[in-house]
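The structure file model35.cif is reproduced below (mmCIF, C-alpha atoms and all ligand atoms).
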```
data_input
#
loop_
_atom_site.label_atom_id
_atom_site.label_comp_id
_atom_site.auth_asym_id
_atom_site.auth_seq_id
_atom_site.Cartn_x
_atom_site.Cartn_y
_atom_site.Cartn_z
CA MET F 325 6.43 17.82 51.25
CA VAL F 326 10.12 17.96 51.83
CA PRO F 327 11.41 14.48 52.56
CA ASP F 328 13.97 13.83 55.24
CA LYS F 329 16.49 11.05 54.94
CA LYS F 330 15.71 9.40 58.23
CA THR F 331 12.04 8.95 57.36
CA ILE F 332 12.91 7.60 53.91
CA TRP F 333 15.35 5.05 55.39
CA SER F 334 12.76 3.91 57.89
CA LEU F 335 10.15 3.50 55.11
CA LEU F 336 12.68 1.49 53.12
CA SER F 337 13.38 -0.76 56.07
CA ALA F 338 9.76 -1.97 55.87
CA ILE F 339 10.20 -3.27 52.29
CA THR F 340 11.03 -6.95 52.20
CA ASP F 341 12.95 -9.08 49.76
CA PRO F 342 10.43 -10.99 47.65
CA GLU F 343 12.48 -14.20 47.78
CA ILE F 344 13.35 -14.09 51.49
CA PRO F 345 10.41 -12.14 52.92
CA VAL F 346 11.88 -12.21 56.43
CA LEU F 347 14.66 -9.83 55.34
CA SER F 348 14.15 -6.17 54.55
CA ILE F 349 16.08 -4.56 51.73
CA THR F 350 18.05 -2.55 54.29
CA ASP F 351 18.91 -5.74 56.23
CA LEU F 352 20.28 -7.13 52.98
CA GLY F 353 22.40 -4.05 52.40
CA ILE F 354 21.18 -3.46 48.88
CA VAL F 355 20.06 0.13 49.55
CA ARG F 356 23.28 2.06 49.06
CA ASP F 357 22.14 5.66 49.38
CA VAL F 358 19.20 8.03 49.56
CA GLN F 359 19.50 11.39 47.83
CA ILE F 360 17.13 14.26 48.46
CA ASP F 361 16.86 17.10 45.96
CA GLY F 362 14.18 19.60 47.03
CA GLU F 363 11.06 17.42 47.18
CA ASP F 364 12.47 14.66 44.96
CA VAL F 365 13.84 11.40 46.28
CA GLU F 366 16.37 9.14 44.62
CA VAL F 367 17.02 5.69 46.09
CA ILE F 368 20.21 3.98 44.96
CA ILE F 369 20.20 0.20 45.04
CA THR F 370 22.62 -2.51 43.96
CA PRO F 371 21.76 -6.07 42.91
CA THR F 372 22.91 -9.06 44.97
CA TYR F 373 23.58 -11.06 41.78
CA SER F 374 23.78 -9.93 38.14
CA GLY F 375 20.73 -12.01 37.30
CA CYS F 376 18.77 -11.46 40.49
CA PRO F 377 15.14 -11.56 39.31
CA ALA F 378 13.97 -9.78 42.46
CA MET F 379 15.51 -6.41 41.55
CA ASP F 380 12.63 -5.21 39.37
CA VAL F 381 10.12 -6.18 42.04
CA ILE F 382 12.18 -4.40 44.68
CA ALA F 383 12.46 -1.24 42.57
CA SER F 384 8.70 -1.11 42.05
CA GLY F 385 8.17 -1.89 45.75
CA ILE F 386 10.23 1.19 46.62
CA ARG F 387 8.23 3.35 44.22
CA LEU F 388 4.93 2.03 45.61
CA GLU F 389 6.05 2.75 49.16
CA LEU F 390 7.25 6.28 48.48
CA GLU F 391 4.76 7.49 45.91
CA GLY F 392 1.54 8.97 47.23
CA ARG F 393 3.25 10.37 50.32
CA GLY F 394 3.33 13.88 48.94
CA TYR F 395 6.97 13.91 47.92
CA GLY F 396 8.10 15.05 44.48
CA LYS F 397 9.55 12.69 41.88
CA ILE F 398 10.65 9.25 43.09
CA ALA F 399 13.57 7.67 41.26
CA VAL F 400 15.18 4.28 41.83
CA THR F 401 18.67 3.96 40.37
CA GLN F 402 20.60 0.73 40.08
CA VAL F 403 24.38 0.80 40.42
CA LEU F 404 26.81 -2.11 40.02
CA SER F 405 29.87 -0.70 41.70
CA PRO F 406 31.04 -1.36 44.32
CA ALA F 407 29.69 -4.88 43.92
CA TRP F 408 27.35 -6.08 46.65
CA THR F 409 28.86 -8.33 49.27
CA THR F 410 27.34 -10.38 52.07
CA ASP F 411 29.48 -8.25 54.42
CA TRP F 412 26.84 -5.55 53.97
CA MET F 413 24.14 -7.71 55.48
CA THR F 414 23.29 -6.34 58.92
CA GLU F 415 23.69 -8.37 62.11
CA THR F 416 19.91 -8.11 62.62
CA GLY F 417 19.49 -9.47 59.12
CA LYS F 418 21.73 -12.44 59.90
CA GLU F 419 19.76 -13.18 63.07
CA LYS F 420 16.48 -13.02 61.14
CA LEU F 421 17.84 -15.40 58.51
CA LYS F 422 18.88 -17.91 61.12
CA ALA F 423 15.52 -17.75 62.86
CA TYR F 424 13.91 -18.35 59.45
CA GLY F 425 15.95 -21.55 59.00
CA ILE F 426 18.56 -20.23 56.56
CA ALA F 427 22.18 -20.30 57.70
CA PRO F 428 23.59 -16.75 57.43
CA PRO F 429 26.82 -16.09 55.50
CA GLN F 430 29.96 -16.97 57.44
CA PRO F 431 32.61 -14.28 57.92
CA GLN F 432 34.65 -13.99 54.77
CA ARG F 433 38.05 -14.54 56.34
CA HIS F 434 37.20 -18.05 57.53
CA THR F 435 35.63 -19.46 54.54
CA CYS F 436 35.46 -17.70 51.24
CA THR F 437 38.41 -19.22 49.49
CA PRO F 438 38.67 -18.46 45.81
CA GLY F 439 40.68 -21.61 45.07
CA LEU F 440 39.26 -24.19 42.69
CA PHE F 441 39.18 -27.08 45.12
CA ALA F 442 38.56 -25.08 48.22
CA THR F 443 36.92 -27.01 51.00
CA ALA F 444 33.29 -26.10 51.43
CA ASP F 445 32.42 -23.39 53.93
CA ALA F 446 31.95 -24.69 57.45
CA VAL F 447 28.37 -23.78 58.30
CA PRO F 448 26.48 -24.47 61.53
CA CYS F 449 23.01 -26.00 61.24
CA PRO F 450 20.36 -23.27 61.77
CA GLN F 451 18.07 -25.87 63.41
CA CYS F 452 20.30 -27.55 66.01
CA GLY F 453 23.53 -25.53 65.87
CA SER F 454 25.69 -28.53 64.97
CA TRP F 455 28.83 -27.87 62.89
CA HIS F 456 28.61 -31.42 61.62
CA THR F 457 27.09 -30.42 58.28
CA LYS F 458 27.94 -31.06 54.64
CA LEU F 459 27.54 -29.24 51.35
CA LEU F 460 25.02 -30.93 49.04
CA SER F 461 25.14 -28.39 46.21
CA GLU F 462 26.79 -25.02 45.56
CA PHE F 463 23.43 -23.77 44.32
CA GLY F 464 20.28 -23.82 46.43
CA SER F 465 16.75 -22.55 45.86
CA THR F 466 18.14 -19.28 44.51
CA ALA F 467 21.55 -18.26 43.13
CA CYS F 468 22.50 -16.61 46.42
CA LYS F 469 22.13 -19.82 48.43
CA ALA F 470 23.82 -23.21 48.66
CA LEU F 471 22.21 -26.41 49.88
CA TYR F 472 23.59 -28.09 52.99
CA GLN F 473 22.52 -30.98 55.17
CA CYS F 474 22.98 -31.42 58.92
CA GLN F 475 24.59 -34.76 59.75
CA ASP F 476 23.18 -34.69 63.27
CA CYS F 477 19.53 -33.67 62.98
CA LYS F 478 19.52 -34.74 59.28
CA GLU F 479 17.66 -31.61 58.18
CA PRO F 480 18.65 -30.14 54.83
CA PHE F 481 18.95 -26.34 54.93
CA ASP F 482 19.77 -23.36 52.76
CA TYR F 483 22.97 -21.45 53.37
CA PHE F 484 23.17 -17.82 52.27
CA LYS F 485 26.61 -18.13 50.75
CA CYS F 486 29.48 -15.68 50.98
CA HIS F 487 29.72 -13.27 48.12
CA MET P 796 33.62 3.81 19.78
CA SER P 797 32.37 1.18 17.34
CA GLN P 798 35.11 -1.19 18.56
CA LEU P 799 33.89 -0.76 22.12
CA ILE P 800 30.29 -1.36 21.06
CA ASP P 801 31.33 -4.57 19.32
CA TYR P 802 33.32 -5.66 22.35
CA THR P 803 30.58 -5.06 24.91
CA CYS P 804 28.16 -6.82 22.61
CA TYR P 805 30.57 -9.75 22.28
CA LEU P 806 30.79 -10.08 26.06
CA GLY P 807 27.01 -9.99 26.34
CA ASP P 808 26.48 -12.46 23.49
CA ASN P 809 28.74 -15.11 25.02
CA ALA P 810 26.88 -14.86 28.32
CA LEU P 811 23.41 -14.81 26.77
CA ILE P 812 23.90 -17.69 24.34
CA LEU P 813 25.48 -20.04 26.85
CA GLY P 814 22.93 -18.94 29.45
CA HIS P 815 20.15 -19.84 27.05
CA ARG P 816 21.73 -23.20 26.20
CA ASN P 817 22.03 -24.09 29.87
CA SER P 818 18.46 -23.02 30.53
CA GLU P 819 17.34 -25.87 28.26
CA TRP P 820 18.20 -28.17 31.18
CA CYS P 821 15.48 -26.62 33.32
CA GLY P 822 13.26 -29.53 34.28
CA HIS P 823 15.62 -32.04 32.59
CA GLY P 824 18.64 -32.12 34.93
CA PRO P 825 19.91 -35.52 36.04
CA VAL P 826 18.86 -34.86 39.65
CA LEU P 827 16.92 -32.01 41.22
CA GLU P 828 19.92 -30.33 42.91
CA GLN P 829 21.88 -30.23 39.67
CA ASP P 830 18.88 -29.10 37.66
CA ILE P 831 18.69 -26.16 40.07
CA ALA P 832 22.44 -25.54 39.86
CA ILE P 833 22.62 -25.35 36.07
CA THR P 834 19.49 -23.18 35.98
CA ASN P 835 21.01 -20.79 38.52
CA ILE P 836 24.14 -20.60 36.39
CA SER P 837 21.91 -19.69 33.44
CA LEU P 838 20.32 -16.94 35.47
CA ASP P 839 23.73 -15.52 36.41
CA LEU P 840 24.88 -15.57 32.79
CA ILE P 841 21.71 -13.96 31.47
CA GLY P 842 22.01 -11.30 34.17
CA GLN P 843 25.58 -10.61 33.08
CA ALA P 844 24.36 -10.36 29.47
CA ARG P 845 21.76 -7.80 30.52
CA ASN P 846 24.44 -5.65 32.18
CA PHE P 847 26.65 -5.76 29.09
CA TYR P 848 23.72 -5.05 26.76
CA GLN P 849 22.49 -2.13 28.84
CA TYR P 850 25.95 -0.67 28.51
CA THR P 851 26.05 -1.42 24.77
CA ALA P 852 22.67 0.28 24.36
CA SER P 853 23.86 3.38 26.20
CA LEU P 854 26.90 3.56 23.90
CA LYS P 855 24.83 3.10 20.75
CA GLY P 856 22.03 5.46 21.74
CA GLY P 857 18.93 5.85 19.58
CA ASP P 858 16.29 3.11 19.86
CA THR P 859 18.69 0.37 20.95
CA THR P 860 17.79 -1.37 24.19
CA GLU P 861 18.94 -4.56 25.88
CA ASP P 862 15.86 -6.23 24.40
CA THR P 863 16.47 -5.14 20.81
CA LEU P 864 20.00 -6.50 21.13
CA ALA P 865 18.82 -9.86 22.43
CA TYR P 866 15.66 -10.33 20.39
CA HIS P 867 15.93 -8.36 17.19
CA ARG P 868 19.30 -9.29 15.77
CA ASP P 869 19.87 -12.10 13.28
CA ALA P 870 22.52 -14.75 13.77
CA ALA P 871 25.10 -12.84 11.70
CA GLY P 872 24.86 -9.95 14.16
CA PHE P 873 25.85 -12.13 17.12
CA ARG P 874 29.51 -12.26 18.11
CA ASN P 875 29.56 -15.15 20.59
CA VAL P 876 32.21 -17.85 20.21
CA LEU P 877 31.03 -21.03 18.47
CA LEU P 878 31.63 -23.03 21.65
CA ALA P 879 28.73 -21.25 23.37
CA GLU P 880 26.12 -22.05 20.73
CA GLN P 881 26.73 -25.80 20.37
CA PRO P 882 23.75 -27.94 21.45
CA ARG P 883 23.71 -28.82 25.11
CA GLY P 884 24.47 -32.49 24.35
CA ASP P 885 24.51 -34.85 27.29
CA TRP P 886 25.33 -33.89 30.89
CA ALA P 887 29.03 -34.58 30.32
CA TYR P 888 29.08 -32.20 27.34
CA THR P 889 27.32 -29.47 29.30
CA ILE P 890 29.70 -29.91 32.25
CA MET P 891 32.87 -29.89 30.15
CA ARG P 892 31.79 -26.83 28.20
CA GLN P 893 30.85 -24.99 31.37
CA PHE P 894 34.21 -25.78 32.90
CA LEU P 895 36.25 -24.67 29.88
CA PHE P 896 34.09 -21.58 29.44
CA SER P 897 33.97 -20.57 33.11
CA SER P 898 37.73 -20.99 33.47
CA TRP P 899 38.20 -18.63 30.54
CA GLN P 900 35.53 -16.20 31.75
CA HIS P 901 37.10 -16.15 35.21
CA LEU P 902 40.45 -15.06 33.81
CA LEU P 903 38.81 -12.57 31.48
CA TYR P 904 36.76 -10.88 34.21
CA THR P 905 39.74 -10.91 36.58
CA SER P 906 41.59 -8.72 34.06
CA LEU P 907 38.58 -6.70 33.04
CA GLN P 908 37.72 -5.63 36.59
CA HIS P 909 40.83 -3.41 36.46
CA SER P 910 39.81 -1.86 33.14
CA SER P 911 40.10 1.88 32.65
CA ASP P 912 36.52 1.69 31.38
CA THR P 913 34.72 1.98 34.72
CA GLN P 914 31.43 0.47 33.56
CA LEU P 915 33.13 -2.62 32.12
CA ALA P 916 35.17 -2.89 35.30
CA ALA P 917 32.03 -2.72 37.46
CA ILE P 918 30.18 -5.39 35.45
CA ALA P 919 33.21 -7.67 35.53
CA ALA P 920 33.85 -7.26 39.26
CA LYS P 921 30.22 -8.12 39.97
CA ALA P 922 30.18 -11.12 37.62
CA LEU P 923 33.52 -12.47 38.81
CA LYS P 924 32.05 -13.54 42.14
CA GLU P 925 29.38 -15.53 40.31
CA VAL P 926 31.79 -17.12 37.86
CA THR P 927 33.98 -18.30 40.74
CA TYR P 928 31.12 -20.55 41.83
CA HIS P 929 30.45 -21.69 38.24
CA GLN P 930 34.07 -22.68 37.78
CA ARG P 931 34.29 -24.51 41.08
CA TRP P 932 31.03 -26.37 40.53
CA SER P 933 31.93 -27.45 36.99
CA ALA P 934 35.51 -28.39 37.94
CA GLU P 935 34.18 -30.66 40.66
CA TRP P 936 31.87 -32.31 38.16
CA VAL P 937 34.69 -32.79 35.65
CA VAL P 938 36.64 -34.62 38.34
CA ARG P 939 33.61 -36.61 39.47
CA LEU P 940 32.92 -37.84 35.93
CA GLY P 941 36.54 -38.20 34.82
CA ASP P 942 37.60 -40.06 37.92
CA GLY P 943 34.29 -41.92 38.20
CA THR P 944 33.16 -45.04 36.40
CA GLN P 945 34.50 -46.26 33.08
CA LEU P 946 31.33 -45.03 31.40
CA SER P 947 31.42 -41.57 32.96
CA HIS P 948 35.10 -41.27 32.05
CA GLU P 949 34.34 -42.19 28.44
CA LYS P 950 31.53 -39.68 28.24
CA ILE P 951 33.47 -36.75 29.65
CA ASN P 952 36.47 -37.61 27.49
CA THR P 953 34.30 -37.80 24.36
CA ALA P 954 32.85 -34.41 25.24
CA LEU P 955 36.34 -32.96 25.70
CA GLN P 956 37.65 -34.33 22.40
CA SER P 957 34.66 -33.09 20.44
CA MET P 958 34.71 -29.51 21.75
CA TRP P 959 38.46 -28.99 22.16
CA PRO P 960 39.04 -27.54 18.66
CA LEU P 961 36.38 -24.90 19.39
CA THR P 962 38.26 -23.60 22.44
CA ALA P 963 40.95 -22.10 20.21
CA GLU P 964 38.59 -19.29 19.22
CA LEU P 965 38.58 -17.97 22.79
CA PHE P 966 42.16 -16.84 22.30
CA VAL P 967 42.16 -15.65 18.68
CA PRO P 968 41.61 -11.89 18.76
CA ALA P 969 38.91 -10.33 16.63
CA ALA P 970 39.33 -6.75 15.39
CA PHE P 971 37.42 -5.40 18.40
CA GLU P 972 39.83 -7.08 20.83
CA LEU P 973 42.95 -5.41 19.51
CA ALA P 974 42.91 -2.27 21.63
CA ALA P 975 42.03 -1.32 25.24
CA PRO P 976 39.69 -1.47 27.04
CA ALA P 977 39.42 -4.91 25.41
CA ILE P 978 41.53 -7.57 27.09
CA ASP P 979 43.99 -9.18 24.68
CA PRO P 980 42.70 -12.78 24.66
CA LYS P 981 46.18 -14.14 23.94
CA THR P 982 47.24 -13.13 27.45
CA LEU P 983 44.61 -15.49 28.89
CA GLN P 984 45.72 -18.58 26.99
CA GLN P 985 48.67 -19.71 29.08
CA PRO P 986 46.97 -19.34 32.51
CA TRP P 987 43.85 -21.00 31.11
CA HIS P 988 45.89 -23.99 29.93
CA ALA P 989 47.54 -24.28 33.32
CA GLN P 990 44.22 -24.25 35.21
CA VAL P 991 42.52 -26.67 32.86
CA ALA P 992 45.51 -29.02 32.99
CA GLU P 993 45.43 -29.03 36.78
CA VAL P 994 41.80 -30.13 36.88
CA PHE P 995 42.36 -32.69 34.11
CA ARG P 996 45.13 -34.27 36.18
CA GLU P 997 42.67 -34.71 39.05
CA ALA P 998 40.10 -36.04 36.61
CA GLU P 999 42.55 -38.44 34.95
CA LEU P 1000 41.95 -36.81 31.59
CA THR P 1001 44.67 -36.12 29.04
CA LEU P 1002 45.05 -32.52 27.95
CA PRO P 1003 44.63 -32.53 24.15
CA ALA P 1004 47.30 -30.92 22.00
CA ALA P 1005 46.92 -27.24 21.18
CA VAL P 1006 45.05 -26.52 17.96
CA ASP P 1007 44.87 -23.52 15.67
CA GLY P 1008 41.59 -21.71 15.38
CA ASN P 1009 39.95 -18.69 13.83
CA SER P 1010 37.52 -16.09 15.14
CA ASP P 1011 34.50 -17.05 13.03
CA GLY P 1012 31.87 -16.70 15.72
CA LYS P 1013 33.27 -13.37 16.90
CA ASN P 1014 32.88 -12.11 13.34
CA GLY P 1015 29.32 -13.34 12.93
CA ALA P 1016 29.99 -16.56 10.96
CA HIS P 1017 28.01 -19.07 13.00
CA THR P 1018 26.96 -22.69 12.84
CA ALA P 1019 23.34 -23.53 12.03
CA TYR P 1020 22.85 -24.26 15.74
CA LEU P 1021 22.68 -20.56 16.52
CA GLU P 1022 19.84 -20.10 14.01
CA THR P 1023 17.68 -22.69 15.73
CA LEU P 1024 18.52 -21.32 19.16
CA LEU P 1025 17.51 -17.81 18.10
CA GLN P 1026 14.30 -19.07 16.48
CA GLU P 1027 13.19 -20.34 19.83
CA MET P 1028 14.58 -17.53 21.97
CA GLN P 1029 13.31 -14.71 19.74
CA TYR P 1030 10.00 -16.22 18.65
CA LEU P 1031 7.73 -14.38 21.03
CA PRO P 1032 9.10 -10.82 20.81
CA ARG P 1033 9.34 -11.11 17.03
CA THR P 1034 5.82 -12.44 16.62
CA PHE P 1035 4.28 -10.00 19.10
CA PRO P 1036 6.66 -7.04 19.13
CA ASN P 1037 4.87 -5.16 21.91
CA ALA P 1038 4.06 -8.11 24.14
CA THR P 1039 4.44 -7.46 27.84
CA TRP P 1040 3.93 -9.68 30.88
ZN ZN X 1101 21.01 -29.89 62.69
#
```

Since I need it in another form, could you write the structure as structure tokens?
Amino acid sequence: MVPDKKTIWSLLSAITDPEIPVLSITDLGIVRDVQIDGEDVEVIITPTYSGCPAMDVIASGIRLELEGRGYGKIAVTQVLSPAWTTDWMTETGKEKLKAYGIAPPQPQRHTCTPGLFATADAVPCPQCGSWHTKLLSEFGSTACKALYQCQDCKEPFDYFKCH
Amino acid sequence: MSQLIDYTCYLGDNALILGHRNSEWCGHGPVLEQDIAITNISLDLIGQARNFYQYTASLKGGDTTEDTLAYHRDAAGFRNVLLAEQPRGDWAYTIMRQFLFSSWQHLLYTSLQHSSDTQLAAIAAKALKEVTYHQRWSAEWVVRLGDGTQLSHEKINTALQSMWPLTAELFVPAAFELAAPAIDPKTLQQPWHAQVAEVFREAELTLPAAVDGNSDGKNGAHTAYLETLLQEMQYLPRTFPNATW
């Protein structure tokens, strides 16, 4: 069967990130391209972090999803450049994150300061919306998140940090 | 070509060996949040090592893979700086080493991301974002301990004094660093000093005097600490060469 790009993209949008199952890999922006060559499909992905342990699971998830659909060879290729950035996360993805209780990345221009003693990103609480929050740790439950606490509702929460 | 292979391997070895050292804190960190932080830094470093090794393997060809590079080389084949292989010590030692190392790695990757070697440039650009967080996190800890209690100040200062002589190696070029695409490490020394000095001022620490060093680790002459590290890290794949998860 000759694959068409639109179908492939929609199949990919059903594959979720194993660490944040509320996000699909297309919401995250890690699918960079889909190439069709005759009946063969090549999916090009990029890791969020160099050491992201989810990448192998994601690659096999893509193969599982696409194999057995009558296409030809399925290949998943990992590229490093250009490096993934949270800017590639879709608006839907950010909404889903927030609903899941993880604060989505803040727009880069406000917050991502490369300086050594930069003030922590200002992040609104995903539970109550308060901006009265503080950074507890630059590293949260995974490398891509930081740990914050809301000073108003007192809930600790993960923040998907700018990258 | 062999210079480039040595260089990519050197970049991977530094990341892998320090990543492994930091991973020893997993389950032993002083508090849960910091246990998680240092373990995440390990994961970043080991991921960077994988990217460098995959590139090394593609340059070498034959049966070389990222795994043979990590698990089937003896200590003399590793090119990491001696600073990376020292035991993790106490929390102050781990913090100080991470800060000195990340500050250096940040400058190195900042240069390397503009390399004419596109694969090296891509790995560096990716890793730079991660190292920015490592440097910031460790700098904040250096200040917290240095400008903390008398005891924490003593501990971080002891750590600094004991590892300072080892930092010289970061800037002494080995043969494989003499030509592009390698970054001349001497060009990193002055900016590194300036950054480190700035944080030490905040931390009320005195910058030690510059020392001379050699490039022993880069040339495969290691301390016994690397042997014991490799014994643990390589035990399983060497005992059961075809083991899979
Ligand atoms: Zn709140």

Starting from chain P, keep only residues with some atom at most 9 Å from an atom of chain F, counting all atoms listed in the file, and report them as a PyMOL selection string.
chain P and resi 828-829+831-846+913-914+916-918+920-922+924-925+927-932+934-935+990+994

At a cut-off of 6 Å and counting all atoms listed in the file, what residues surround ligand ZN 1101 (chain X)? Please answer as a PyMOL selection string.
chain F and resi 449+451-454+474+476-477+479

Using only C-alpha atoms, find the one residue out of F:Ala446, F:Leu352, F:Glu363, F:Pro429 that sits nearest to Trp412 in chain F.
F:Leu352

Using only C-alpha atoms, which protein or nucleic acid residues come within 7 Å of range 976-979 of chain P? Drop anything in the same chain fewer than 4 positions from it, and give the result as a count of residues only.
7

Which residues are close to range 413-425 of chain F, i.e. within 12 Å by all atoms listed in the file, leaving aside same-chain residues fewer than 2 positions away? Reply as an MDAnalysis selection string.
chainID F and resid 337 340:341 344:356 372 408:411 427:431 447:453 469 472 479:487

One number please: CA of Gln402 in chain F to CA of Glu861 in chain P, in Å, one decimal.
15.2 Å

Give me, as a list of chain:residue names, all polymer residues having an atom no more than 8 Å from Glu366 in chain F, counting all atoms listed in the file and skipping those fewer than 4 positions away in the same chain.
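Residues meeting the cut-off are F:Val358, F:Gln359, F:Ile360, F:Ile398, F:Ala399, F:Val400, F:Thr401.
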
Next, dump the selected residues to file, keeping only C-alpha atoms, as a compact mmCIF listing (two decimals), in the frame of the given file.
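Saved to part18.txt:
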```
# COMPACT_ATOMS: atom_id res chain seq x y z
CA VAL F 358 19.20 8.03 49.56
CA GLN F 359 19.50 11.39 47.83
CA ILE F 360 17.13 14.26 48.46
CA ILE F 398 10.65 9.25 43.09
CA ALA F 399 13.57 7.67 41.26
CA VAL F 400 15.18 4.28 41.83
CA THR F 401 18.67 3.96 40.37
```

List the residues sitting within 10 Å of (45.3, -29.1, 19.3) in the file's frame, using only C-alpha atoms, as a PyMOL selection string.
chain P and resi 956+959-963+1002-1008

Sel. within 8 Å of pt (38.9, -38.8, 39.4), counting only C-alpha atoms, output as a ChimeraX atom specification
/P:938-943,997-999

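Relative to CA of Gly1012 in chain P, CA of Ala954 in chain P is found at 20.1 Å.
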
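Of the residues under consideration (P:Ile890, P:Leu903, P:Leu1000, P:Leu813), P:Leu903 shows the shortest atom-to-atom contact distance to Thr982 in chain P when counting all atoms listed in the file.
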
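Going from CA of Thr1034 in chain P over to CA of Gln849 in chain P, you cover 23.1 Å.
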
Calculated over all atoms listed in the file, which of the candidates F:Asp364, F:Asp328, F:Pro342, F:Gly396 has the smallest distance to Val381 in chain F?
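Comparing F:Asp364, F:Asp328, F:Pro342, F:Gly396 against Val381 in chain F, the winner is F:Pro342.
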